[in-house]
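Student: This one is coords32.tsv, TSV, C-alpha atoms and all ligand atoms.
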```tsv
chain	number	residue	atom	x	y	z
A	1	MET	CA	19.14	-58.20	13.28
A	2	ALA	CA	16.97	-55.11	13.28
A	3	LYS	CA	18.29	-53.64	16.53
A	4	GLU	CA	21.92	-53.79	15.42
A	5	LEU	CA	23.90	-50.61	15.00
A	6	LYS	CA	25.71	-50.86	11.68
A	7	GLN	CA	28.72	-48.73	10.93
A	8	PHE	CA	30.36	-48.25	7.55
A	9	SER	CA	34.11	-47.55	7.87
A	10	THR	CA	35.72	-46.24	11.07
A	11	ILE	CA	36.31	-42.83	12.54
A	12	ASN	CA	40.02	-43.53	12.50
A	13	ALA	CA	39.95	-44.20	8.72
A	14	LEU	CA	38.09	-40.91	8.24
A	15	MET	CA	40.60	-39.04	10.40
A	16	ALA	CA	43.41	-40.66	8.38
A	17	GLY	CA	42.10	-38.99	5.21
A	18	LEU	CA	39.79	-41.54	3.57
A	19	TYR	CA	37.12	-39.03	2.49
A	20	ASP	CA	35.93	-40.72	-0.70
A	21	GLY	CA	32.38	-42.01	-0.68
A	22	VAL	CA	32.30	-45.81	-1.00
A	23	PHE	CA	29.03	-46.86	0.64
A	24	ALA	CA	25.83	-46.20	-1.31
A	25	VAL	CA	22.76	-44.68	0.31
A	26	ASN	CA	20.55	-47.56	-0.86
A	27	THR	CA	22.96	-50.15	0.60
A	28	ALA	CA	22.91	-48.40	3.96
A	29	LYS	CA	19.11	-48.09	3.88
A	30	THR	CA	18.84	-51.89	4.09
A	31	CYS	CA	20.29	-51.54	7.63
A	32	GLY	CA	17.85	-48.96	9.01
A	33	ASN	CA	16.43	-45.45	8.75
A	34	PHE	CA	18.03	-43.61	11.68
A	35	GLY	CA	21.57	-42.34	12.03
A	36	LEU	CA	24.27	-40.03	10.79
A	37	GLY	CA	27.29	-39.80	8.53
A	38	CYS	CA	29.29	-37.51	6.31
A	39	SER	CA	29.15	-37.18	2.55
A	40	HIS	CA	31.69	-37.70	-0.25
A	41	ALA	CA	34.82	-35.52	0.04
A	42	LEU	CA	33.51	-34.34	3.43
A	43	ALA	CA	31.16	-32.02	1.56
A	44	GLY	CA	28.54	-32.16	4.28
A	45	GLU	CA	27.15	-33.62	7.47
A	46	VAL	CA	24.46	-36.24	6.95
A	47	ILE	CA	21.40	-36.73	9.13
A	48	ILE	CA	19.49	-39.97	8.55
A	49	ASP	CA	15.86	-39.42	9.42
A	50	LYS	CA	14.31	-41.91	6.99
A	51	ASP	CA	15.84	-39.78	4.19
A	52	PHE	CA	19.56	-39.09	3.98
A	53	LEU	CA	19.71	-35.31	4.50
A	54	GLU	CA	22.95	-33.54	3.63
A	55	ALA	CA	23.92	-30.21	5.27
A	56	ARG	CA	26.81	-28.57	3.37
A	57	GLY	CA	28.75	-25.44	4.17
A	58	ASP	CA	27.84	-23.86	0.85
A	59	GLN	CA	24.35	-25.21	0.06
A	60	ASP	CA	20.88	-25.69	1.46
A	61	VAL	CA	19.97	-28.98	3.09
A	62	ARG	CA	18.98	-31.54	0.45
A	63	ILE	CA	17.84	-35.13	0.23
A	64	MET	CA	20.57	-37.39	-1.12
A	65	ALA	CA	19.91	-39.77	-4.01
A	66	ASN	CA	20.06	-43.53	-3.50
A	67	ASN	CA	23.13	-43.95	-5.71
A	68	GLU	CA	25.26	-41.38	-3.89
A	69	CYS	CA	28.12	-42.78	-1.81
A	70	LEU	CA	29.40	-41.81	1.65
A	71	PRO	CA	32.73	-42.47	3.40
A	72	PHE	CA	31.26	-42.95	6.91
A	73	ILE	CA	27.79	-43.92	8.13
A	74	GLN	CA	26.23	-45.13	11.39
A	75	ILE	CA	22.73	-46.48	10.84
A	76	THR	CA	20.12	-48.52	12.67
A	77	THR	CA	16.40	-48.78	13.31
A	78	PHE	CA	14.98	-46.81	16.21
A	79	GLN	CA	12.41	-48.30	18.56
A	80	PRO	CA	12.82	-46.35	21.81
A	81	ASP	CA	13.24	-48.25	25.08
A	82	LYS	CA	12.00	-45.15	26.84
A	83	ILE	CA	10.76	-41.63	26.09
A	84	ILE	CA	11.41	-38.96	28.70
A	85	ARG	CA	9.92	-35.47	28.82
A	86	ALA	CA	12.68	-33.15	29.97
A	87	GLU	CA	13.56	-29.50	30.21
A	88	ASN	CA	16.88	-27.75	29.98
A	89	VAL	CA	18.68	-30.69	28.39
A	90	GLN	CA	22.19	-29.65	27.42
A	91	LYS	CA	25.17	-31.37	25.90
A	92	SER	CA	26.88	-31.06	29.28
A	93	ASN	CA	24.09	-32.74	31.30
A	94	LEU	CA	22.89	-35.35	28.81
A	95	TYR	CA	25.13	-38.10	30.23
A	96	THR	CA	23.96	-37.49	33.81
A	97	LEU	CA	20.33	-37.37	32.70
A	98	LEU	CA	20.52	-40.66	30.79
A	99	GLN	CA	22.55	-42.31	33.54
A	100	GLN	CA	19.48	-41.91	35.79
A	101	HIS	CA	17.61	-44.28	33.47
A	102	LEU	CA	20.23	-46.75	32.24
A	103	SER	CA	23.88	-47.73	32.64
A	104	LEU	CA	25.44	-46.52	29.42
A	105	ASP	CA	29.18	-46.74	30.05
A	106	ASN	CA	29.66	-50.06	28.24
A	107	ILE	CA	27.03	-50.08	25.51
A	108	PHE	CA	26.01	-48.09	22.44
A	109	VAL	CA	22.85	-46.00	22.75
A	110	ALA	CA	20.78	-44.48	19.95
A	111	VAL	CA	19.50	-41.06	21.02
A	112	LYS	CA	16.76	-38.84	19.60
A	113	ILE	CA	15.88	-35.47	21.13
A	114	THR	CA	12.90	-33.65	19.65
A	115	GLY	CA	11.53	-30.24	20.54
A	116	LYS	CA	12.58	-26.64	20.92
A	117	PHE	CA	16.15	-25.52	21.49
A	118	HIS	CA	17.14	-22.22	23.14
A	119	MET	CA	20.61	-22.48	21.73
A	120	LEU	CA	22.18	-24.65	19.11
A	121	LYS	CA	25.72	-24.54	17.75
A	122	ILE	CA	26.18	-26.62	14.60
A	123	ARG	CA	28.79	-26.90	11.90
A	124	ARG	CA	28.87	-27.78	8.20
A	125	PRO	CA	32.04	-28.42	6.19
A	126	PHE	CA	32.89	-27.64	2.55
A	127	ALA	CA	33.72	-30.20	-0.16
A	128	GLN	CA	37.43	-31.02	-0.30
A	129	HIS	CA	39.56	-31.60	-3.36
A	130	LYS	CA	42.42	-34.02	-3.99
A	131	PRO	CA	45.06	-34.21	-2.76
A	132	TYR	CA	42.90	-34.10	0.35
A	133	PRO	CA	44.07	-31.88	3.21
A	134	ALA	CA	44.47	-33.18	6.75
A	135	ILE	CA	41.23	-33.45	8.70
A	136	THR	CA	42.29	-30.72	11.12
A	137	ASP	CA	42.63	-28.29	8.18
A	138	VAL	CA	39.20	-29.28	6.85
A	139	PHE	CA	37.54	-28.46	10.15
A	140	ALA	CA	39.47	-25.24	10.65
A	141	ASN	CA	37.57	-23.98	7.57
A	142	GLN	CA	33.91	-24.73	8.06
A	143	VAL	CA	30.66	-22.93	8.67
A	144	VAL	CA	29.67	-22.71	12.33
A	145	ASP	CA	26.09	-21.55	12.92
A	146	SER	CA	24.76	-20.39	16.26
A	147	VAL	CA	20.99	-20.44	16.17
A	148	SER	CA	18.46	-19.72	18.88
A	149	ASP	CA	14.85	-20.75	19.47
A	150	ILE	CA	14.71	-23.41	16.82
A	151	GLU	CA	12.54	-26.52	16.61
A	152	GLY	CA	13.92	-29.77	15.36
A	153	THR	CA	15.51	-33.10	16.14
A	154	LEU	CA	18.90	-34.26	17.32
A	155	ILE	CA	19.79	-37.72	16.06
A	156	GLY	CA	22.83	-39.71	17.00
A	157	PHE	CA	24.64	-42.11	19.25
A	158	TRP	CA	26.45	-42.56	22.51
A	159	THR	CA	29.64	-44.59	22.05
A	160	PRO	CA	31.47	-46.08	25.02
A	161	ASP	CA	35.04	-44.92	25.56
A	162	CYS	CA	36.54	-48.37	24.83
A	163	PHE	CA	35.40	-48.06	21.18
A	164	LYS	CA	37.04	-44.68	20.65
A	165	GLU	CA	39.26	-45.74	17.73
A	166	LEU	CA	36.23	-47.00	15.80
A	167	SER	CA	33.56	-44.40	16.55
A	168	VAL	CA	33.32	-40.98	18.18
A	169	ALA	CA	33.39	-41.73	21.92
A	170	GLY	CA	30.71	-39.94	23.93
A	171	PHE	CA	27.71	-38.33	22.24
A	172	HIS	CA	27.82	-37.75	18.50
A	173	LEU	CA	24.67	-35.88	17.42
A	174	HIS	CA	23.47	-34.27	14.22
A	175	PHE	CA	20.58	-31.81	13.94
A	176	ILE	CA	17.79	-31.21	11.46
A	177	ASP	CA	15.13	-28.56	11.98
A	178	THR	CA	11.43	-29.26	11.46
A	179	THR	CA	11.40	-27.46	8.09
A	180	ARG	CA	14.46	-29.45	6.94
A	181	LYS	CA	16.30	-26.26	6.05
A	182	ILE	CA	18.93	-26.10	8.81
A	183	GLY	CA	21.16	-28.97	9.80
A	184	GLY	CA	24.64	-30.03	10.78
A	185	HIS	CA	26.95	-31.63	13.30
A	186	VAL	CA	26.08	-30.53	16.82
A	187	ILE	CA	28.81	-28.77	18.78
A	188	ASP	CA	26.60	-27.61	21.65
A	189	PHE	CA	22.93	-27.26	22.53
A	190	ASN	CA	20.55	-26.21	25.26
A	191	SER	CA	16.88	-27.15	25.07
A	192	GLU	CA	13.55	-25.95	26.30
A	193	GLN	CA	10.92	-28.69	26.74
A	194	VAL	CA	11.96	-31.73	24.70
A	195	GLU	CA	11.20	-35.38	24.24
A	196	LEU	CA	14.31	-37.45	24.87
A	197	ALA	CA	14.10	-40.98	23.48
A	198	TYR	CA	16.76	-43.65	23.63
A	199	GLU	CA	17.36	-47.23	22.63
A	200	CYS	CA	20.22	-49.38	23.97
A	201	LYS	CA	22.22	-51.09	21.26
A	202	TYR	CA	23.89	-54.32	22.34
A	203	SER	CA	24.93	-55.29	18.84
A	204	PHE	CA	27.41	-53.36	16.75
A	205	SER	CA	28.96	-54.31	13.43
A	206	ILE	CA	31.37	-52.67	11.05
A	207	VAL	CA	31.69	-52.86	7.29
A	208	LEU	CA	35.16	-51.89	6.03
A	209	PRO	CA	35.72	-50.22	2.64
A	210	GLU	CA	36.51	-52.77	-0.09
A	211	ILE	CA	38.81	-50.50	-2.04
A	212	GLU	CA	42.53	-50.53	-2.78
A	213	GLU	CA	43.02	-47.15	-1.19
A	214	TYR	CA	41.75	-48.45	2.15
A	215	LEU	CA	43.87	-51.62	1.95
A	216	HIS	CA	47.08	-49.66	1.44
A	217	HIS	CA	46.34	-46.58	3.53
A	218	ASP	CA	48.37	-45.92	6.67
A	219	LEU	CA	45.68	-45.71	9.37
A	220	GLN	CA	48.02	-44.48	12.07
A	221	VAL	CA	46.95	-40.97	13.01
A	222	LYS	CA	49.29	-39.03	15.26
A	223	ASP	CA	47.46	-37.98	18.44
A	224	LEU	CA	44.25	-39.61	17.13
A	225	HIS	CA	42.18	-38.90	20.21
A	226	LYS	CA	43.21	-35.26	20.31
A	227	VAL	CA	42.30	-34.94	16.62
A	228	ILE	CA	38.90	-36.60	17.13
A	229	GLY	CA	38.27	-34.33	20.11
A	230	LEU	CA	39.11	-31.28	18.04
A	231	VAL	CA	37.08	-32.28	15.02
A	232	GLU	CA	34.03	-33.92	16.58
A	233	ASN	CA	33.38	-31.73	19.60
B	1	ZN	ZN	29.21	-35.49	13.00
```
Step by step, read the file and then write its structure as structure tokens.
Ligand SMILES: [Zn+2]
Tutor:
Amino acid sequence: MAKELKQFSTINALMAGLYDGVFAVNTAKTCGNFGLGCSHALAGEVIIDKDFLEARGDQDVRIMANNECLPFIQITTFQPDKIIRAENVQKSNLYTLLQQHLSLDNIFVAVKITGKFHMLKIRRPFAQHKPYPAITDVFANQVVDSVSDIEGTLIGFWTPDCFKELSVAGFHLHFIDTTRKIGGHVIDFNSEQVELAYECKYSFSIVLPEIEEYLHHDLQVKDLHKVIGLVEN
């Protein structure tokens, strides 16, 4: 099922502290070439644009090897339903803009925005060490870059609110610039002229980690939605 959005692990498992990489790059590549994730020990944000590109707090962007493993991945193929030329696209108006073209409240949507950005705020974490700290502590200590006038691509997904314990509800976007030197998880953006492409995803499947740690881990996270909001936005 080529159009399916495949997810490895859940956002709630990640928020509960399961940061070890368990899903190999080459396994995920059998499910597509477009998506996002985070790398082992939360060392970096991963942008999947054919290659798995890792943006770490303390290193340059690099291409990950096929045998490296990640704790969380969302991956699919991307064949746009529609491509829109738009100006002044921002995180705050993206929903309204897309809503003019499709009804997205109850489905997943793959989103790709390519072009020039006036303003971009992205973040990159640092590798964590065991015993792993709480996710809120990890994201209190990360690199936040504010860049202006940069060309590149935003890649990610819209997740409907009713799936908020499994994925990041709303828009979850990662960025990679055209030179593949600057990347990360997108906190905010404002574009100049861009190409906004989307593809509705009516099929969504999840692969859970087949490891003892997952089987015995307490997945209850206190104030989960507050924590996700804090970490992912
Ligand atoms: Zn992210």
Student: Kindly give the distance, in Å, that separates CA of Lys222 (chain A) and CA of Ile11 (chain A), rounded to a single decimal.
Tutor: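 Taking CA of Lys222 (chain A) as the start and CA of Ile11 (chain A) as the end point, the length is 13.8 Å.
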Student: Residues of chain A that approach ligand ZN 1 (chain B) to 10 Å or less, counting only C-alpha atoms and all ligand atoms: could you list each one with the shortest pair of atoms and its distance in Å to one decimal, rows by chain and increasing residue number, as a tab-separated table?
Tutor:
```
residue	atom	partner	partner_atom	distance
A:Leu36	CA	B:ZN1	ZN	7.1
A:Gly37	CA	B:ZN1	ZN	6.5
A:Cys38	CA	B:ZN1	ZN	7.0
A:Gly44	CA	B:ZN1	ZN	9.4
A:Glu45	CA	B:ZN1	ZN	6.2
A:Val46	CA	B:ZN1	ZN	7.7
A:Ile47	CA	B:ZN1	ZN	8.8
A:Phe72	CA	B:ZN1	ZN	9.8
A:Ile73	CA	B:ZN1	ZN	9.8
A:Ile122	CA	B:ZN1	ZN	9.5
A:Arg123	CA	B:ZN1	ZN	8.7
A:Arg124	CA	B:ZN1	ZN	9.1
A:Gly156	CA	B:ZN1	ZN	8.6
A:Val168	CA	B:ZN1	ZN	8.6
A:Phe171	CA	B:ZN1	ZN	9.8
A:His172	CA	B:ZN1	ZN	6.1
A:Leu173	CA	B:ZN1	ZN	6.3
A:His174	CA	B:ZN1	ZN	6.0
A:Phe175	CA	B:ZN1	ZN	9.4
A:Gly184	CA	B:ZN1	ZN	7.5
A:His185	CA	B:ZN1	ZN	4.5
A:Val186	CA	B:ZN1	ZN	7.0
A:Ile187	CA	B:ZN1	ZN	8.9
A:Val231	CA	B:ZN1	ZN	8.7
A:Glu232	CA	B:ZN1	ZN	6.2
A:Asn233	CA	B:ZN1	ZN	8.7
```
Student: Interatomic distance between CA of Glu210 (chain A) and CA of Gly170 (chain A)?
Tutor: 27.8 Å
Student: Taking into account all atoms listed in the file, which residue in the set A:Ala86, A:Pro209, A:Val194, A:Lys6 is nearest to Cys69 (chain A)?
Tutor: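 So, comparing all the options, the nearest one is A:Pro209.
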Student: Write out as a PDB file with C-alpha atoms, keeping the file's coordinate frame which residues come within 12 Å of Cys31 (chain A) when counting all atoms listed in the file, dropping same-chain ones fewer than 3 positions away.
Tutor:
```pdb
ATOM      1  CA  MET A   1      19.140 -58.200  13.280  1.00  0.00           C
ATOM      2  CA  ALA A   2      16.970 -55.110  13.280  1.00  0.00           C
ATOM      3  CA  LYS A   3      18.290 -53.640  16.530  1.00  0.00           C
ATOM      4  CA  GLU A   4      21.920 -53.790  15.420  1.00  0.00           C
ATOM      5  CA  LEU A   5      23.900 -50.610  15.000  1.00  0.00           C
ATOM      6  CA  LYS A   6      25.710 -50.860  11.680  1.00  0.00           C
ATOM      7  CA  GLN A   7      28.720 -48.730  10.930  1.00  0.00           C
ATOM      8  CA  PHE A   8      30.360 -48.250   7.550  1.00  0.00           C
ATOM      9  CA  ALA A  24      25.830 -46.200  -1.310  1.00  0.00           C
ATOM     10  CA  VAL A  25      22.760 -44.680   0.310  1.00  0.00           C
ATOM     11  CA  ASN A  26      20.550 -47.560  -0.860  1.00  0.00           C
ATOM     12  CA  THR A  27      22.960 -50.150   0.600  1.00  0.00           C
ATOM     13  CA  ALA A  28      22.910 -48.400   3.960  1.00  0.00           C
ATOM     14  CA  PHE A  34      18.030 -43.610  11.680  1.00  0.00           C
ATOM     15  CA  GLY A  35      21.570 -42.340  12.030  1.00  0.00           C
ATOM     16  CA  ILE A  48      19.490 -39.970   8.550  1.00  0.00           C
ATOM     17  CA  LYS A  50      14.310 -41.910   6.990  1.00  0.00           C
ATOM     18  CA  ILE A  73      27.790 -43.920   8.130  1.00  0.00           C
ATOM     19  CA  GLN A  74      26.230 -45.130  11.390  1.00  0.00           C
ATOM     20  CA  ILE A  75      22.730 -46.480  10.840  1.00  0.00           C
ATOM     21  CA  THR A  76      20.120 -48.520  12.670  1.00  0.00           C
ATOM     22  CA  THR A  77      16.400 -48.780  13.310  1.00  0.00           C
ATOM     23  CA  PHE A  78      14.980 -46.810  16.210  1.00  0.00           C
ATOM     24  CA  PHE A 204      27.410 -53.360  16.750  1.00  0.00           C
ATOM     25  CA  SER A 205      28.960 -54.310  13.430  1.00  0.00           C
ATOM     26  CA  ILE A 206      31.370 -52.670  11.050  1.00  0.00           C
ATOM     27  CA  VAL A 207      31.690 -52.860   7.290  1.00  0.00           C
TER      28      VAL A 207
END
```
Student: Have a look at CA of Ala127 (chain A) and CA of His40 (chain A) and let me know their distance in Å, one decimal.
Tutor: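 If I compute the distance from CA of Ala127 (chain A) to CA of His40 (chain A), I get 7.8 Å.
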Student: Compile the contact shell of Ile176 (chain A) as an MDAnalysis selection string: residues with an atom at most 8 Å away, counting only C-alpha atoms, same-chain residues fewer than 2 positions apart removed.
Tutor: chainID A and resid 47 152:154 174 178 180:184
Student: Selected residues, C-alpha atoms, written as a PDB file, in the frame of the given file, please.
Tutor:
```
ATOM      1  CA  ILE A  47      21.400 -36.730   9.130  1.00  0.00           C
ATOM      2  CA  GLY A 152      13.920 -29.770  15.360  1.00  0.00           C
ATOM      3  CA  THR A 153      15.510 -33.100  16.140  1.00  0.00           C
ATOM      4  CA  LEU A 154      18.900 -34.260  17.320  1.00  0.00           C
ATOM      5  CA  HIS A 174      23.470 -34.270  14.220  1.00  0.00           C
ATOM      6  CA  THR A 178      11.430 -29.260  11.460  1.00  0.00           C
ATOM      7  CA  ARG A 180      14.460 -29.450   6.940  1.00  0.00           C
ATOM      8  CA  LYS A 181      16.300 -26.260   6.050  1.00  0.00           C
ATOM      9  CA  ILE A 182      18.930 -26.100   8.810  1.00  0.00           C
ATOM     10  CA  GLY A 183      21.160 -28.970   9.800  1.00  0.00           C
ATOM     11  CA  GLY A 184      24.640 -30.030  10.780  1.00  0.00           C
TER      12      GLY A 184
END
```
Student: Would you kindly return, as a count of residues only, each protein, DNA or RNA residue with an atom no farther than 12 Å from any atom of Ser191 (chain A), considering all atoms listed in the file and excluding same-chain residues fewer than 3 positions away?
Tutor: 31
Student: Pick the closest to Thr136 (chain A) from A:Asp218, A:Asp223, A:Glu68, A:Glu192: which is it, counting all atoms listed in the file?
Tutor: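 When distances to Thr136 (chain A) are compared using all atoms listed in the file, the smallest one comes from A:Asp223.
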Student: Between A:Asp145, A:Thr30, A:Thr159, A:Met64, single out the one closest to Tyr202 (chain A), counting all atoms listed in the file.
Tutor: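 Smallest separation from Tyr202 (chain A) among the options: A:Thr159.
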Student: Output as a Markdown table one row per residue of region 67-139 of chain A within 10 Å of region 14-20 of chain A: the closest atom pair and its distance in Å to one decimal place, counting all atoms listed in the file, sorted by chain and residue number ascending.
Tutor:
```
| residue | atom | partner | partner_atom | distance |
| --- | --- | --- | --- | --- |
| A:Cys69 | CA | A:Asp20 | CA | 8.2 |
| A:Leu70 | CA | A:Asp20 | CA | 7.0 |
| A:Pro71 | CA | A:Asp20 | CA | 5.5 |
| A:Phe72 | CA | A:Leu14 | CA | 7.3 |
| A:Ala127 | CA | A:Tyr19 | CA | 9.8 |
| A:Gln128 | CA | A:Tyr19 | CA | 8.5 |
| A:His129 | CA | A:Tyr19 | CA | 9.8 |
| A:Lys130 | CA | A:Tyr19 | CA | 9.8 |
| A:Pro131 | CA | A:Gly17 | CA | 9.8 |
| A:Tyr132 | CA | A:Gly17 | CA | 6.9 |
| A:Pro133 | CA | A:Gly17 | CA | 7.6 |
| A:Ala134 | CA | A:Gly17 | CA | 6.5 |
| A:Ile135 | CA | A:Met15 | CA | 5.9 |
| A:Thr136 | CA | A:Met15 | CA | 8.5 |
```
Student: Quick one: residues within 10 Å of Gln79 (chain A), only C-alpha atoms, excluding same-chain residues fewer than 4 positions away - as a list in words?
Tutor: Ala2, Lys3, Ala110, Ala197, Tyr198, Glu199 and Cys200 of chain A
Student: May I ask which of the residues A:Leu53, A:Ile107, A:Val22, A:Val138 is the closest one to Ser9 (chain A), counting only C-alpha atoms?
Tutor: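 When distances to Ser9 (chain A) are compared using only C-alpha atoms, the smallest one comes from A:Val22.
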